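See below for final.cif, which holds mmCIF, C-alpha atoms and all ligand atoms.
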```
data_work
#
loop_
_atom_site.label_atom_id
_atom_site.label_comp_id
_atom_site.auth_asym_id
_atom_site.auth_seq_id
_atom_site.Cartn_x
_atom_site.Cartn_y
_atom_site.Cartn_z
CA MET S 1 -7.97 -5.36 -7.20
CA GLU S 2 -8.79 -8.79 -8.59
CA LEU S 3 -12.53 -8.16 -8.13
CA LEU S 4 -12.26 -4.74 -9.76
CA GLY S 5 -10.38 -6.25 -12.73
CA LYS S 6 -13.08 -8.89 -13.16
CA GLU S 7 -15.82 -6.28 -13.00
CA GLU S 8 -14.05 -4.09 -15.57
CA CYS S 9 -13.64 -7.06 -17.93
CA GLY S 10 -17.31 -8.01 -17.50
CA VAL S 11 -16.50 -11.46 -16.09
CA ALA S 12 -17.47 -10.91 -12.42
CA ASN S 13 -20.34 -13.10 -11.21
CA GLU S 14 -23.18 -11.87 -8.98
CA SER S 15 -21.43 -12.85 -5.78
CA GLU S 16 -18.21 -11.05 -6.82
CA LEU S 17 -20.17 -7.91 -7.71
CA LYS S 18 -21.71 -7.89 -4.24
CA LEU S 19 -18.28 -8.26 -2.62
CA LEU S 20 -16.92 -5.43 -4.75
CA ARG S 21 -19.81 -3.13 -3.81
CA LEU S 22 -18.99 -3.57 -0.11
CA LEU S 23 -15.21 -3.66 -0.31
CA ILE S 24 -14.69 -0.56 -2.49
CA PRO S 25 -15.78 2.02 0.12
CA VAL S 26 -14.23 -0.05 2.91
CA ALA S 27 -10.84 -0.34 1.15
CA LYS S 28 -10.86 3.35 0.22
CA LEU S 29 -11.62 4.64 3.67
CA TYR S 30 -9.23 2.34 5.53
CA SER S 31 -6.26 2.60 3.15
CA ALA S 32 -6.60 6.43 3.21
CA LYS S 33 -6.37 6.50 7.00
CA GLN S 34 -3.44 4.06 6.96
CA ALA S 35 -1.60 6.19 4.39
CA ILE S 36 -1.78 9.22 6.71
CA ALA S 37 -0.54 7.20 9.70
CA VAL S 38 2.31 5.69 7.68
CA ALA S 39 3.37 9.06 6.22
CA SER S 40 3.34 10.54 9.72
CA GLU S 41 5.56 7.71 11.05
CA ALA S 42 7.94 8.22 8.12
CA LEU S 43 8.29 11.92 8.99
CA GLU S 44 8.86 11.15 12.64
CA ALA S 45 11.55 8.61 11.78
CA PHE S 46 13.62 11.53 10.44
CA GLY S 47 13.26 13.43 13.73
CA GLY S 48 13.19 17.23 13.52
CA ALA S 49 14.42 17.11 9.93
CA GLY S 50 11.21 15.31 8.95
CA TYR S 51 9.23 18.44 9.83
CA LEU S 52 11.28 20.75 7.63
CA GLU S 53 9.74 21.63 4.26
CA ASP S 54 13.01 21.48 2.30
CA THR S 55 13.40 17.74 3.01
CA GLY S 56 10.27 17.18 0.87
CA LEU S 57 8.87 14.93 3.64
CA PRO S 58 6.02 17.17 4.91
CA ARG S 59 4.59 17.06 1.41
CA LEU S 60 4.13 13.28 1.73
CA LEU S 61 1.96 13.80 4.78
CA ARG S 62 0.02 16.67 3.20
CA ASP S 63 -0.60 14.65 0.03
CA ALA S 64 -1.71 11.60 2.04
CA GLN S 65 -4.22 13.74 3.95
CA VAL S 66 -6.24 14.40 0.81
CA LEU S 67 -7.02 10.68 0.46
CA SER S 68 -9.46 10.75 3.36
CA ILE S 69 -11.22 13.85 1.97
CA TRP S 70 -11.64 13.71 -1.78
CA GLU S 71 -13.75 11.00 -3.41
CA GLY S 72 -15.51 10.59 -0.07
CA THR S 73 -14.53 11.34 3.50
CA THR S 74 -14.22 8.50 6.02
CA ASN S 75 -17.71 9.19 7.44
CA ILE S 76 -19.35 9.37 4.03
CA LEU S 77 -17.67 6.17 2.79
CA SER S 78 -18.73 4.43 6.03
CA LEU S 79 -22.32 5.48 5.33
CA ASP S 80 -21.92 4.25 1.76
CA ALA S 81 -20.85 0.81 3.02
CA LEU S 82 -23.91 0.84 5.27
CA ARG S 83 -26.13 1.74 2.31
CA ALA S 84 -24.71 -1.19 0.31
CA ILE S 85 -25.49 -3.52 3.23
CA GLU S 86 -29.05 -2.20 3.48
CA ARG S 87 -29.77 -2.63 -0.22
CA SER S 88 -28.67 -6.25 -0.66
CA ASP S 89 -27.03 -9.05 1.27
CA VAL S 90 -23.45 -7.91 0.61
CA LEU S 91 -22.49 -8.49 4.25
CA GLY S 92 -23.71 -12.10 4.22
CA GLU S 93 -21.84 -12.64 0.95
CA TRP S 94 -18.64 -11.22 2.44
CA LEU S 95 -18.91 -13.24 5.68
CA SER S 96 -19.38 -16.47 3.68
CA ASP S 97 -16.55 -15.56 1.32
CA VAL S 98 -14.02 -14.96 4.13
CA ARG S 99 -15.08 -18.12 5.97
CA ARG S 100 -14.71 -20.13 2.76
CA ARG S 101 -11.25 -18.66 2.06
CA LEU S 102 -10.04 -19.35 5.61
CA GLY S 103 -11.37 -22.90 5.31
CA GLY S 104 -8.90 -23.50 2.49
CA VAL S 105 -5.79 -22.51 4.51
CA LYS S 106 -3.48 -25.49 5.08
CA ARG S 107 -0.50 -24.36 7.19
CA PRO S 108 -1.01 -25.44 10.85
CA GLY S 109 1.08 -22.46 12.04
CA LEU S 110 -1.69 -20.12 10.87
CA SER S 111 -4.39 -21.69 13.09
CA PRO S 112 -4.29 -18.94 15.76
CA CYS S 113 -4.70 -16.31 13.01
CA ILE S 114 -7.66 -18.19 11.59
CA GLU S 115 -9.30 -18.43 15.00
CA GLN S 116 -8.85 -14.70 15.61
CA THR S 117 -10.26 -13.83 12.18
CA LEU S 118 -13.24 -16.18 12.57
CA SER S 119 -13.96 -14.69 15.96
CA ALA S 120 -13.91 -11.17 14.44
CA LEU S 121 -16.32 -12.33 11.72
CA LEU S 122 -18.70 -13.61 14.36
CA ARG S 123 -18.53 -10.33 16.31
CA ILE S 124 -19.25 -8.40 13.07
CA GLU S 125 -22.18 -10.68 12.22
CA GLN S 126 -23.69 -10.39 15.71
CA TYR S 127 -23.14 -6.63 15.78
CA ALA S 128 -24.85 -6.21 12.39
CA ALA S 129 -27.87 -8.15 13.65
CA ARG S 130 -28.03 -5.99 16.81
CA ALA S 131 -27.56 -2.77 14.85
CA GLY S 132 -30.26 -3.81 12.36
CA LYS S 133 -32.75 -4.14 15.21
CA ALA S 134 -31.58 -0.96 16.97
CA GLY S 135 -32.32 1.25 13.95
CA ALA S 136 -30.75 3.84 11.67
CA GLU S 137 -29.33 6.16 14.35
CA PHE S 138 -27.43 3.31 16.00
CA GLN S 139 -26.16 2.07 12.62
CA GLN S 140 -25.02 5.50 11.45
CA ALA S 141 -23.33 6.48 14.72
CA GLY S 142 -21.43 3.17 14.67
CA ALA S 143 -20.79 3.13 10.90
CA ARG S 144 -17.13 4.14 11.05
CA GLY S 145 -16.21 1.50 13.64
CA PHE S 146 -18.18 -1.07 11.68
CA ALA S 147 -16.37 -0.26 8.42
CA TYR S 148 -12.98 -0.37 10.20
CA ALA S 149 -13.85 -3.80 11.61
CA ILE S 150 -14.67 -5.13 8.12
CA ALA S 151 -11.46 -3.62 6.72
CA ARG S 152 -9.20 -5.06 9.43
CA THR S 153 -10.82 -8.48 9.19
CA GLU S 154 -10.58 -8.57 5.38
CA ALA S 155 -6.90 -7.54 5.69
CA ALA S 156 -6.39 -10.36 8.21
CA ALA S 157 -7.87 -12.89 5.79
CA LEU S 158 -5.68 -11.61 2.93
CA LEU S 159 -2.52 -11.79 5.07
CA VAL S 160 -3.38 -15.35 6.17
CA GLU S 161 -4.02 -16.44 2.57
CA HIS S 162 -0.76 -14.81 1.47
CA ALA S 163 1.23 -16.56 4.21
CA ASP S 164 -0.42 -19.86 3.31
CA ALA S 165 0.41 -19.49 -0.36
CA LEU S 166 4.11 -18.80 0.31
CA ASN S 167 5.87 -21.93 1.46
CA ASP S 168 7.68 -21.47 4.79
CA ASP S 169 7.91 -17.70 4.46
CA ALA S 170 8.56 -16.57 8.04
CA VAL S 171 8.03 -12.90 7.21
CA ALA S 172 4.55 -13.55 5.81
CA VAL S 173 3.58 -15.75 8.77
CA THR S 174 4.92 -13.22 11.30
CA SER S 175 3.11 -10.36 9.53
CA ALA S 176 -0.19 -12.28 9.54
CA SER S 177 0.26 -13.27 13.20
CA ARG S 178 0.97 -9.71 14.30
CA TRP S 179 -1.96 -8.27 12.37
CA CYS S 180 -4.36 -10.89 13.71
CA ALA S 181 -3.16 -10.46 17.30
CA ARG S 182 -4.62 -6.93 17.38
CA GLU S 183 -8.25 -6.14 18.05
CA LEU S 184 -9.74 -6.71 14.59
CA ALA S 185 -13.31 -5.71 15.31
CA PRO S 186 -13.52 -3.01 17.99
CA LEU S 187 -17.18 -2.18 17.45
CA VAL S 188 -18.97 0.85 18.85
CA GLU S 189 -22.22 0.12 20.67
CA ALA S 190 -23.82 3.36 19.52
CA ASP S 191 -26.94 3.11 21.67
CA ALA S 192 -28.93 6.13 22.91
CA GLU S 193 -26.62 6.61 25.91
CA HIS S 194 -23.52 6.56 23.70
CA ARG S 195 -25.03 9.05 21.25
CA GLU S 196 -26.13 11.33 24.09
CA GLY S 197 -22.56 11.22 25.46
CA SER S 198 -21.19 12.23 22.04
CA GLN S 199 -23.62 15.13 21.79
CA PHE S 200 -22.74 16.26 25.33
CA VAL S 201 -19.00 16.25 24.51
CA VAL S 202 -19.57 18.28 21.32
CA ARG S 203 -21.89 20.77 23.06
CA THR S 204 -19.34 21.24 25.87
CA ALA S 205 -16.35 21.55 23.55
CA ILE S 206 -18.10 23.92 21.12
CA PRO S 207 -20.45 26.20 23.07
CA GLU S 208 -23.16 27.87 20.94
C1 LIG T 1 -7.61 18.42 -3.77
C2 LIG T 1 -9.08 18.21 -3.95
C3 LIG T 1 -9.58 17.90 -5.20
C4 LIG T 1 -10.94 17.71 -5.41
N1 LIG T 1 -11.39 17.40 -6.65
C5 LIG T 1 -12.71 17.25 -6.87
C6 LIG T 1 -13.21 16.96 -8.18
O1 LIG T 1 -12.45 16.79 -9.14
N2 LIG T 1 -14.55 16.84 -8.35
C7 LIG T 1 -15.43 17.00 -7.31
O2 LIG T 1 -16.63 16.88 -7.51
N3 LIG T 1 -14.99 17.28 -6.06
C8 LIG T 1 -13.66 17.41 -5.81
N4 LIG T 1 -13.21 17.70 -4.54
C9 LIG T 1 -14.19 17.93 -3.47
C10 LIG T 1 -14.32 16.73 -2.56
O3 LIG T 1 -15.08 15.72 -3.19
C11 LIG T 1 -15.00 17.22 -1.25
O4 LIG T 1 -14.12 18.12 -0.59
C12 LIG T 1 -15.31 16.05 -0.33
O5 LIG T 1 -16.29 15.20 -0.87
C13 LIG T 1 -15.81 16.53 1.04
O6 LIG T 1 -16.93 17.39 0.89
P1 LIG T 1 -16.90 18.83 1.53
O7 LIG T 1 -15.60 19.50 1.26
O8 LIG T 1 -18.15 19.49 1.08
O9 LIG T 1 -16.95 18.59 3.10
P2 LIG T 1 -18.25 18.33 3.97
O10 LIG T 1 -19.22 17.46 3.25
O11 LIG T 1 -18.75 19.64 4.48
O12 LIG T 1 -17.63 17.48 5.16
C14 LIG T 1 -17.02 18.08 6.30
C15 LIG T 1 -16.94 17.02 7.38
O13 LIG T 1 -18.25 16.60 7.76
C16 LIG T 1 -18.38 15.20 7.66
N5 LIG T 1 -19.73 14.88 7.19
C17 LIG T 1 -20.40 15.43 6.14
N6 LIG T 1 -21.62 14.87 6.02
C18 LIG T 1 -21.72 13.93 7.01
C19 LIG T 1 -22.73 13.01 7.40
N7 LIG T 1 -23.89 12.93 6.76
N8 LIG T 1 -22.48 12.20 8.46
C20 LIG T 1 -21.30 12.26 9.12
N9 LIG T 1 -20.31 13.11 8.79
C21 LIG T 1 -20.51 13.93 7.75
C22 LIG T 1 -17.32 14.76 6.65
O14 LIG T 1 -16.94 13.44 6.88
C23 LIG T 1 -16.20 15.75 6.92
O15 LIG T 1 -15.40 15.28 7.97
C24 LIG T 1 -11.84 17.85 -4.32
C25 LIG T 1 -11.34 18.13 -3.03
C26 LIG T 1 -9.98 18.32 -2.84
C27 LIG T 1 -9.46 18.61 -1.44
#
```

For this file, produce the structure as C-alpha cells.
Ligand SMILES: Cc1cc2nc3c(=O)[nH]c(=O)nc-3n(C[C@H](O)[C@H](O)[C@H](O)COP(=O)(O)OP(=O)(O)OC[C@H]3O[C@@H](n4cnc5c(N)ncnc54)[C@H](O)[C@@H]3O)c2cc1C
Amino acid sequence: MELLGKEECGVANESELKLLRLLIPVAKLYSAKQAIAVASEALEAFGGAGYLEDTGLPRLLRDAQVLSIWEGTTNILSLDALRAIERSDVLGEWLSDVRRRLGGVKRPGLSPCIEQTLSALLRIEQYAARAGKAGAEFQQAGARGFAYAIARTEAAALLVEHADALNDDAVAVTSASRWCARELAPLVEADAEHREGSQFVVRTAIPE
C-alpha cells in the first residue's frame, strides 16, 4: 500500500517501482486465495447454519470467490509476475529489499523468524536461477508455486517488521513466529517428468 501510494503521488524511486511491479500481481493473487479460505472457515465456524442462505454467510464465500477470477485469475497473475521478472531485475530488487529490511530488525526474540525468512529467500533465489536455465515451460508450470513462495515470504518479512516495531507485543511476536514456522517457499520442480505427470493426470481424469 505504501509503495502504491508513493507511485500514485509520483514520488516512488526506480527501486520502489520495480518492487511494486512484482508485488502487485503477487499480493492480488495471494490475498484473493486467502480471502476464500478465510470466508470458508468463517462459514464452517457457524456449523450447519453457516451453509444456510438466510444467515447471509454463504454470500461472503461467494463474493470472496470472485477475487481470484476477475482482474486476473491466479494462473494469469502468476504468469504476470513471471513476465515482470523476465523484463527487468525485479526479483533481485525484491530479494535485496527483504534482506535489507530483515537486517534492521532488533528484537532478539525474532531471530528464528529471520532465519526462516532468509532461508526462504535463498530457496527462491536458487529456484529462480534453476528455472531460468530450465526454460519457459518449467517456469510457467511452476509459476503459481513460485508466486505463492514470494507472497508468503514477503508476508513473513512484514510480520517480523511489525513485531519489531511494536515494543513487547506478544501477539505480534507470536503471529510472526507462527507464520514463519510454516513452509514459506514450497517450490514446484516443474521439470519434464513433473509436467508429463500433470498431463497424464488430466488425460486420465478427462478422457477425450
Ligand atoms: C463479476 C465479474 C465482473 C467482471 N467485470 C469485468 C469488467 O468490468 N471488465 C472486464 O474486462 N472483465 C470483467 N470480468 C471478466 C474477467 O476479467 C474474466 O472472467 C477473467 O479475466 C477470467 O477470464 P475468463 O472468464 O475468460 O476465463 P479463462 O481465461 O477462460 O480462464 C479459465 C481458467 O483457465 C485458466 N487459464 C487461462 N489461460 C491460462 C494460461 N495461459 N495458463 C494457465 N492457466 C490459464 C485461468 O486461470 C482459469 O482458471 C468480470 C468477471 C466477473 C466474474

Report task. Name all residues at most 10 Å from segment 17-34 of chain S (count all atoms listed in the file; drop same-chain ones fewer than 5 positions away) and give them as a PyMOL selection string. Result -> chain S and resi 1-4+6-7+11-12+39-40+64-69+71-85+88-95+97+144+146-152+154-155

Saved selection, atoms kept: C-alpha atoms, as a short mmCIF file (atom, residue, chain, number, x, y, z; two decimals), in the frame of the given file:
```cif
data_model
loop_
_atom_site.label_atom_id
_atom_site.label_comp_id
_atom_site.auth_asym_id
_atom_site.auth_seq_id
_atom_site.Cartn_x
_atom_site.Cartn_y
_atom_site.Cartn_z
CA MET S 1 -7.97 -5.36 -7.20
CA GLU S 2 -8.79 -8.79 -8.59
CA LEU S 3 -12.53 -8.16 -8.13
CA LEU S 4 -12.26 -4.74 -9.76
CA LYS S 6 -13.08 -8.89 -13.16
CA GLU S 7 -15.82 -6.28 -13.00
CA VAL S 11 -16.50 -11.46 -16.09
CA ALA S 12 -17.47 -10.91 -12.42
CA ALA S 39 3.37 9.06 6.22
CA SER S 40 3.34 10.54 9.72
CA ALA S 64 -1.71 11.60 2.04
CA GLN S 65 -4.22 13.74 3.95
CA VAL S 66 -6.24 14.40 0.81
CA LEU S 67 -7.02 10.68 0.46
CA SER S 68 -9.46 10.75 3.36
CA ILE S 69 -11.22 13.85 1.97
CA GLU S 71 -13.75 11.00 -3.41
CA GLY S 72 -15.51 10.59 -0.07
CA THR S 73 -14.53 11.34 3.50
CA THR S 74 -14.22 8.50 6.02
CA ASN S 75 -17.71 9.19 7.44
CA ILE S 76 -19.35 9.37 4.03
CA LEU S 77 -17.67 6.17 2.79
CA SER S 78 -18.73 4.43 6.03
CA LEU S 79 -22.32 5.48 5.33
CA ASP S 80 -21.92 4.25 1.76
CA ALA S 81 -20.85 0.81 3.02
CA LEU S 82 -23.91 0.84 5.27
CA ARG S 83 -26.13 1.74 2.31
CA ALA S 84 -24.71 -1.19 0.31
CA ILE S 85 -25.49 -3.52 3.23
CA SER S 88 -28.67 -6.25 -0.66
CA ASP S 89 -27.03 -9.05 1.27
CA VAL S 90 -23.45 -7.91 0.61
CA LEU S 91 -22.49 -8.49 4.25
CA GLY S 92 -23.71 -12.10 4.22
CA GLU S 93 -21.84 -12.64 0.95
CA TRP S 94 -18.64 -11.22 2.44
CA LEU S 95 -18.91 -13.24 5.68
CA ASP S 97 -16.55 -15.56 1.32
CA ARG S 144 -17.13 4.14 11.05
CA PHE S 146 -18.18 -1.07 11.68
CA ALA S 147 -16.37 -0.26 8.42
CA TYR S 148 -12.98 -0.37 10.20
CA ALA S 149 -13.85 -3.80 11.61
CA ILE S 150 -14.67 -5.13 8.12
CA ALA S 151 -11.46 -3.62 6.72
CA ARG S 152 -9.20 -5.06 9.43
CA GLU S 154 -10.58 -8.57 5.38
CA ALA S 155 -6.90 -7.54 5.69
#
```

Using 8 Å of padding on each side, determine the axis-aligned box around all atoms of segment 145-153 of chain S present in the file and give its centre and edge lengths in Å to one decimal, as AutoDock Vina command-line options.
```
--center_x -13.7 --center_y -3.5 --center_z 10.2 --size_x 25.0 --size_y 26.0 --size_z 22.9
```

**Report entry** Selected residue of minimal separation from ligand LIG 1 (chain T) among S:Leu121, S:Ala141, S:Cys113, S:Leu159, counting all atoms listed in the file
**Finding:**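 Among the listed residues, S:Ala141 lies closest to ligand LIG 1 (chain T).
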
Report task. Would you please work out which residue, of S:Arg182, S:Ser111, S:Asp191, S:Arg62, is nearest to ligand LIG 1 (chain T) when using only C-alpha atoms and all ligand atoms? Result -> S:Arg62

**Report entry** Distance criterion (all atoms listed in the file): nearest to ligand LIG 1 (chain T) out of S:Gln140, S:Leu61, S:Cys9, S:Gly104
**Finding:**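 So, comparing all the options, the nearest one is S:Gln140.
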
Report task. State, in Å with one decimal place, the distance from atom CA of Ala185 of chain S to atom CA of Val98 of chain S. Result ->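 Here the two named atoms are 14.5 Å from each other.
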
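If you look at atom O6 of ligand LIG 1 (chain T) and atom CA of Glu189 of chain S, they are 26.8 Å away from each other.
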
Query raised in the report: Which residue gives the smallest distance to Arg59 of chain S among S:Val173, S:Thr153, S:Ala134, S:Ile36, with only C-alpha atoms counted?
Result: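 Nearest to Arg59 of chain S: S:Ile36.
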
Query - Nearest to ligand LIG 1 (chain T) by atom-to-atom distance, counting all atoms listed in the file, from S:Ala143, S:Ala120, S:Ala129, S:Leu60 - result: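 Of all the options, S:Ala143 lies closest to ligand LIG 1 (chain T).
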